[in-house]
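What follows is a set of notes on a single structure, which appears directly below.
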Amino acid sequence: AMKATIVGTIVCLVLLTSASTNAYTFTKAFTKAVLCCPAAITASLCVVLSSFAAAPSFAVAVADSPPPSDILAGSKIFTSNCASCHAGGQNIIMPARKKTLKKEALSQYLSGGMTEGSVIHIVTNGKSAMPAFGGRLSDEDIASVASYVIDQATFDKWE
């Protein structure tokens, strides 16, 4: 446990002191460190929280991102419930309409723009050929799926 805590702290310190680190790079590396070394969470969070006072612009960028646990949970729920139609961010039901889960399509077609709230609305209520998941998934699960979808689209992670 001590070794994992030290590793997590070192990873976070290196990322925080690097001038080229952006919020996405930090979040991705932090998520990997936490998933590989759960004991690193406490030390890593202390380092991250202490960095907010020294780097307010960095703190805002990270604070605006969904917690990695929401994205991870959203990924699992998406795979179980959404991937049959939306694998890789696609729309296999209506491919000609180009209403995919990619950044450009979400920005163009989502009422309210590319936000978690807009995704939550569509997932909860359904639209066109997409069924409503409001009665099938909990509000928390739907919010996690929305976090995952927005994260995938924002950082062009759909494969």
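Please note that chains go A, B, ... in the order of the structure tokens, that every chain numbers its residues from 1, and that ligands are numbered from 1 in the order shown.
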
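Residue neighbourhood of stretch 143-151 of chain A, excluding near-sequence residues (fewer than 2 positions): Pro66, Asp70, Ile71, Ala73, Gly74, Ser75, Ile77, Phe78, Thr115, Glu116, Val119, Ile120, Asp139, Glu140, Asp141, Ala153, Thr154 and Phe155 of chain A, at 7 Å, using only C-alpha atoms.
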
Can you spit out the residues from that selection as a PDB file, in the first residue's frame, using C-alpha atoms?
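Output file out_24.pdb is given in full below:
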ATOM      1  CA  PRO A  66     -16.495  14.541 -14.784  1.00  0.00           C
ATOM      2  CA  ASP A  70     -18.311   8.412 -13.496  1.00  0.00           C
ATOM      3  CA  ILE A  71     -16.632   7.926 -16.860  1.00  0.00           C
ATOM      4  CA  ALA A  73     -19.027   3.464 -14.736  1.00  0.00           C
ATOM      5  CA  GLY A  74     -20.546   5.158 -17.794  1.00  0.00           C
ATOM      6  CA  SER A  75     -18.313   3.106 -20.077  1.00  0.00           C
ATOM      7  CA  ILE A  77     -23.212   0.915 -18.690  1.00  0.00           C
ATOM      8  CA  PHE A  78     -22.783   2.187 -22.272  1.00  0.00           C
ATOM      9  CA  THR A 115     -23.692  18.995 -22.715  1.00  0.00           C
ATOM     10  CA  GLU A 116     -24.232  16.204 -20.242  1.00  0.00           C
ATOM     11  CA  VAL A 119     -27.386  13.672 -23.352  1.00  0.00           C
ATOM     12  CA  ILE A 120     -29.237  12.875 -20.114  1.00  0.00           C
ATOM     13  CA  ASP A 139     -30.695   8.547 -12.849  1.00  0.00           C
ATOM     14  CA  GLU A 140     -27.139   7.946 -11.606  1.00  0.00           C
ATOM     15  CA  ASP A 141     -26.474   5.390 -14.358  1.00  0.00           C
ATOM     16  CA  ALA A 153     -16.729  13.081 -27.891  1.00  0.00           C
ATOM     17  CA  THR A 154     -14.837  16.009 -26.347  1.00  0.00           C
ATOM     18  CA  PHE A 155     -11.464  14.301 -26.572  1.00  0.00           C
TER      19      PHE A 155
END

Applying 9 Å and only C-alpha atoms, which residues near stretch 100-105 of chain A remain after dropping the ones on its own chain fewer than 5 positions away? List them as a PyMOL selection string. chain A and resi 86+88-92+94-95+110+114+149-150+152-156+158

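Going from atom CA of A:Gly112 to atom CA of A:Ser84 covers 25.4 Å.
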
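Put simply, atom CA of A:Gly126 is 16.7 Å away from atom CA of A:Arg97.
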
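Here atom CA of A:Ser128 is placed at a distance of 27.7 Å from atom CA of A:Leu72.
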